[in-house]
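Take a look at the structure set out below.
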Amino acid sequence: MTDMRAAFYDSYGDVDVLQVGELPDPRVGPGEALVEVRAAAVNPVDWKVMAGGLDPLMEVRFPAIPGWDVAGVVRAVGPDIPEVEVGDHVLAYGRKDWVQAGTFAELVSVPVRAIAHKPAELSWEEATALPLAGQTAARTLRDRLAVTDGDVVLVHNASGGVGRMGVQLARILGARTVIGTASERHHDRLRELGATPVVYGEGLADRVREIAPGGVDVVADFVGGVYDVSQAVLTEGGRYASIAEHDVPGIEDRIVWVRPDGAQLQWLADLVADDRLEVDVVRVFEELEDAGAALRANREGHGGKVVLRVSED
Ligand SMILES: NC(=O)c1ccc[n+]([C@@H]2O[C@H](COP(=O)([O-])OP(=O)(O)OC[C@H]3O[C@@H](n4cnc5c(N)ncnc54)[C@H](OP(=O)(O)O)[C@@H]3O)[C@@H](O)[C@H]2O)c1
């Protein structure tokens, strides 16, 4: 067994606990493909896990490599995996049942159920920025809220990684109007993506009613802490789902958790290839040694996607 370079941490803590060094190459087991990582994307869950925030929910085995999003080249496949071949260009939301061997590494083994093929039209950066954020948006708006023709949709945190996907998917699914909350600096971009932007915070319900006097049919909450204002603007029988509301009892059936799903990811990747969906990569860090800086950049919360390049073609 040889060693690969990876960013990893030996105990929970701030981003400072991250180091870059050598760890054994991952095994490629049944149901898995070994991917040489070209690029990994950063998500808030990466630094939340690192800080111990998901400890009650998920086992973390140290040393732990962060990262669940990957785009790269298949280098080996486990037994009986007809879905992918060595040399294929792929992308995945590669979350496993416990946290240990993530994508901030030269190599990662990924469950084949999570994998989609990368259309040539997508750059490595776009491909890796798509899975977690795009699939969260798809699971929320397409699979759970069933957005359809004529809906008026409110997206909270429309400028974040998930939200920029969400406003576009709502339009693709047929929404008549998509209202997106964000800071003013992101309003022009949200208009380009098909949303009517509003600033969040006090008075939000009034601003939403100005745009949608009859109320909204669907609320997709991508930030948390907005349950009351959401109920205030929903029409009777309107649909609400949240990916980030942890403090409201009794709404467990409306909480969405993204899950690895290669077919759903292929749908998204093909939309990007067809120029129907845009991936907003706002910052690229050029090498594995920048992993800590990339995590910090995401934690500062500027919106859009932050990507870490790991290797060149
Ligand atoms: N349950 C799941 O499966 C799942 C999946 C993915 C993400 N998440 C969670 O969902 C949240 C969003 O993820 P993300 O990747 O989109 O995060 P992100 O890209 O880091 O979101 C950053 C944006 O949040 C916006 N924001 C902050 N406070 C806000 C408020 N009160 N109202 C509206 N927007 C606000 C800021 O917008 P401005 O810059 O415009 O101010 C900022 O740009 C995170 O907490 C993440 O952990 C959950």
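Labeling convention for the structure tokens: chains A, B, ... as they appear, residues from 1 per chain, ligands from 1 in order of appearance.
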Give as a PyMOL selection string the residues surrounding ligand 1 up to a distance of 7 Å, considering only C-alpha atoms and all ligand atoms. chain A and resi 43-45+132-133+136+156-163+181-186+200-201+222-223+243-244+256-258+298-299+301-305
Non-local contacts of segment 272-287 of chain A (9 Å; only C-alpha atoms; under 3 positions in same chain excluded) as number ranges by chain: A: 119-122, 125-127, 129-130, 134, 161, 164-165, 168-169, 172, 193, 267-269, 290-291, 293-294, 297, 302-311
Take the residues from that selection and write them out as a compact mmCIF listing (two decimals), in the first residue's frame, keeping N, CA, C and O atoms.
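The resulting selection24.txt:
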# COMPACT_ATOMS: atom_id res chain seq x y z
N PRO A 119 -20.20 15.52 -17.63
CA PRO A 119 -20.25 15.95 -19.03
C PRO A 119 -19.02 16.81 -19.35
O PRO A 119 -18.54 17.55 -18.48
N ALA A 120 -18.53 16.69 -20.57
CA ALA A 120 -17.30 17.41 -20.94
C ALA A 120 -17.45 18.92 -20.81
O ALA A 120 -16.48 19.65 -20.62
N GLU A 121 -18.71 19.40 -20.89
CA GLU A 121 -18.95 20.85 -20.83
C GLU A 121 -18.60 21.44 -19.47
O GLU A 121 -18.40 22.65 -19.34
N LEU A 122 -18.58 20.63 -18.42
CA LEU A 122 -18.33 21.15 -17.08
C LEU A 122 -16.82 21.15 -16.78
O LEU A 122 -16.13 20.16 -17.06
N GLU A 125 -13.91 22.45 -11.66
CA GLU A 125 -14.39 23.30 -10.56
C GLU A 125 -15.92 23.30 -10.51
O GLU A 125 -16.52 23.18 -9.44
N GLU A 126 -16.55 23.46 -11.67
CA GLU A 126 -18.02 23.44 -11.70
C GLU A 126 -18.55 22.08 -11.25
O GLU A 126 -19.51 21.99 -10.50
N ALA A 127 -17.88 21.03 -11.72
CA ALA A 127 -18.37 19.67 -11.42
C ALA A 127 -18.34 19.40 -9.92
O ALA A 127 -19.28 18.83 -9.36
N ALA A 129 -18.41 21.56 -7.51
CA ALA A 129 -19.27 22.48 -6.76
C ALA A 129 -20.74 22.09 -6.83
O ALA A 129 -21.57 22.63 -6.11
N LEU A 130 -21.05 21.16 -7.70
CA LEU A 130 -22.46 20.84 -7.95
C LEU A 130 -23.09 19.86 -6.94
O LEU A 130 -24.23 20.09 -6.52
N GLY A 134 -26.19 21.28 -5.09
CA GLY A 134 -27.22 21.06 -6.09
C GLY A 134 -28.22 19.99 -5.65
O GLY A 134 -29.44 20.14 -5.82
N GLY A 161 -24.50 28.71 -1.42
CA GLY A 161 -24.22 27.63 -2.38
C GLY A 161 -25.49 26.88 -2.75
O GLY A 161 -25.74 26.60 -3.93
N ARG A 164 -28.36 29.42 -4.64
CA ARG A 164 -28.22 29.78 -6.06
C ARG A 164 -28.68 28.65 -6.97
O ARG A 164 -29.20 28.90 -8.07
N MET A 165 -28.49 27.41 -6.49
CA MET A 165 -29.05 26.28 -7.23
C MET A 165 -30.57 26.27 -7.10
O MET A 165 -31.29 26.01 -8.06
N GLN A 168 -32.65 28.65 -9.32
CA GLN A 168 -32.67 28.22 -10.73
C GLN A 168 -33.55 26.98 -10.91
O GLN A 168 -34.30 26.88 -11.89
N LEU A 169 -33.44 26.03 -9.97
CA LEU A 169 -34.25 24.81 -10.09
C LEU A 169 -35.74 25.14 -9.97
O LEU A 169 -36.57 24.55 -10.67
N ILE A 172 -36.73 26.22 -13.30
CA ILE A 172 -36.74 25.08 -14.23
C ILE A 172 -37.98 24.22 -14.00
O ILE A 172 -38.58 23.69 -14.94
N LEU A 193 -30.15 35.02 -12.25
CA LEU A 193 -30.50 33.59 -12.06
C LEU A 193 -32.01 33.37 -12.06
O LEU A 193 -32.47 32.24 -11.90
N TRP A 267 -28.91 14.14 -13.36
CA TRP A 267 -29.94 15.08 -13.84
C TRP A 267 -29.40 16.51 -13.76
O TRP A 267 -29.50 17.28 -14.72
N LEU A 268 -28.78 16.84 -12.62
CA LEU A 268 -28.24 18.19 -12.44
C LEU A 268 -27.07 18.46 -13.39
O LEU A 268 -27.00 19.52 -14.02
N ALA A 269 -26.16 17.50 -13.49
CA ALA A 269 -24.99 17.69 -14.35
C ALA A 269 -25.42 17.90 -15.80
O ALA A 269 -24.84 18.73 -16.53
N ASP A 290 -3.89 24.68 0.58
CA ASP A 290 -4.82 25.80 0.84
C ASP A 290 -6.12 25.33 1.51
O ASP A 290 -7.06 26.10 1.64
N ALA A 291 -6.18 24.06 1.94
CA ALA A 291 -7.44 23.52 2.45
C ALA A 291 -8.00 24.35 3.61
O ALA A 291 -9.20 24.64 3.67
N ALA A 293 -7.45 27.53 4.31
CA ALA A 293 -7.92 28.83 3.81
C ALA A 293 -9.25 28.67 3.09
O ALA A 293 -10.14 29.54 3.20
N ALA A 294 -9.42 27.57 2.38
CA ALA A 294 -10.68 27.34 1.67
C ALA A 294 -11.84 27.15 2.67
O ALA A 294 -12.93 27.69 2.48
N ALA A 297 -12.70 30.51 4.08
CA ALA A 297 -13.41 31.35 3.09
C ALA A 297 -14.89 30.99 3.06
O ALA A 297 -15.76 31.85 2.98
N HIS A 302 -19.55 34.20 2.07
CA HIS A 302 -19.74 35.22 1.04
C HIS A 302 -20.73 34.81 -0.04
O HIS A 302 -20.98 35.56 -0.98
N GLY A 303 -21.28 33.61 0.05
CA GLY A 303 -22.21 33.13 -0.98
C GLY A 303 -21.47 32.45 -2.11
O GLY A 303 -20.25 32.58 -2.24
N GLY A 304 -22.22 31.69 -2.93
CA GLY A 304 -21.59 30.95 -4.03
C GLY A 304 -20.72 29.82 -3.48
O GLY A 304 -20.74 29.51 -2.29
N LYS A 305 -19.96 29.19 -4.38
CA LYS A 305 -19.19 28.00 -3.98
C LYS A 305 -17.68 28.28 -3.94
O LYS A 305 -17.13 28.95 -4.80
N VAL A 306 -17.05 27.70 -2.95
CA VAL A 306 -15.59 27.74 -2.80
C VAL A 306 -15.05 26.36 -3.18
O VAL A 306 -15.58 25.34 -2.73
N VAL A 307 -14.01 26.34 -4.01
CA VAL A 307 -13.47 25.08 -4.53
C VAL A 307 -11.98 24.98 -4.23
O VAL A 307 -11.25 25.97 -4.26
N LEU A 308 -11.54 23.76 -3.95
CA LEU A 308 -10.13 23.47 -3.71
C LEU A 308 -9.62 22.57 -4.84
O LEU A 308 -10.11 21.44 -5.01
N ARG A 309 -8.67 23.07 -5.63
CA ARG A 309 -8.04 22.21 -6.64
C ARG A 309 -7.05 21.29 -5.94
O ARG A 309 -6.29 21.74 -5.08
N VAL A 310 -7.05 20.03 -6.32
CA VAL A 310 -6.16 19.08 -5.66
C VAL A 310 -5.08 18.57 -6.62
O VAL A 310 -3.93 18.38 -6.25
N SER A 311 -5.44 18.36 -7.89
CA SER A 311 -4.43 17.92 -8.86
C SER A 311 -4.81 18.43 -10.25
O SER A 311 -5.96 18.77 -10.51
Could you give me, as a tab-separated table, a per-residue list for segment 254-276 of chain A showing, wherever an atom lies at most 8 Å from an atom of segment 84-97 of chain A, the closest pair of atoms and their distance in Å to one decimal, using only C-alpha atoms and sorting by chain then residue number from low to high?
residue	atom	partner	partner_atom	distance
A:Arg259	CA	A:Arg95	CA	7.8
A:Pro260	CA	A:Tyr93	CA	5.6
A:Asp261	CA	A:Tyr93	CA	7.8
A:Gly262	CA	A:Ala92	CA	7.2
A:Leu265	CA	A:Ala92	CA	7.5
Give me, as number ranges by chain, all polymer residues having an atom no more than 9 Å from Val15 of chain A, counting only C-alpha atoms and skipping those fewer than 5 positions away in the same chain. A: 9, 47, 50-51, 292-293, 295-296
Run DSSP on the backbone and tell me which residues of segment 109-287 of chain A come out as strand (DSSP E); list them as a ChimeraX atom specification. /A:109-111,115-117,152-156,177-181,196-198,216-221,234-242,281-285
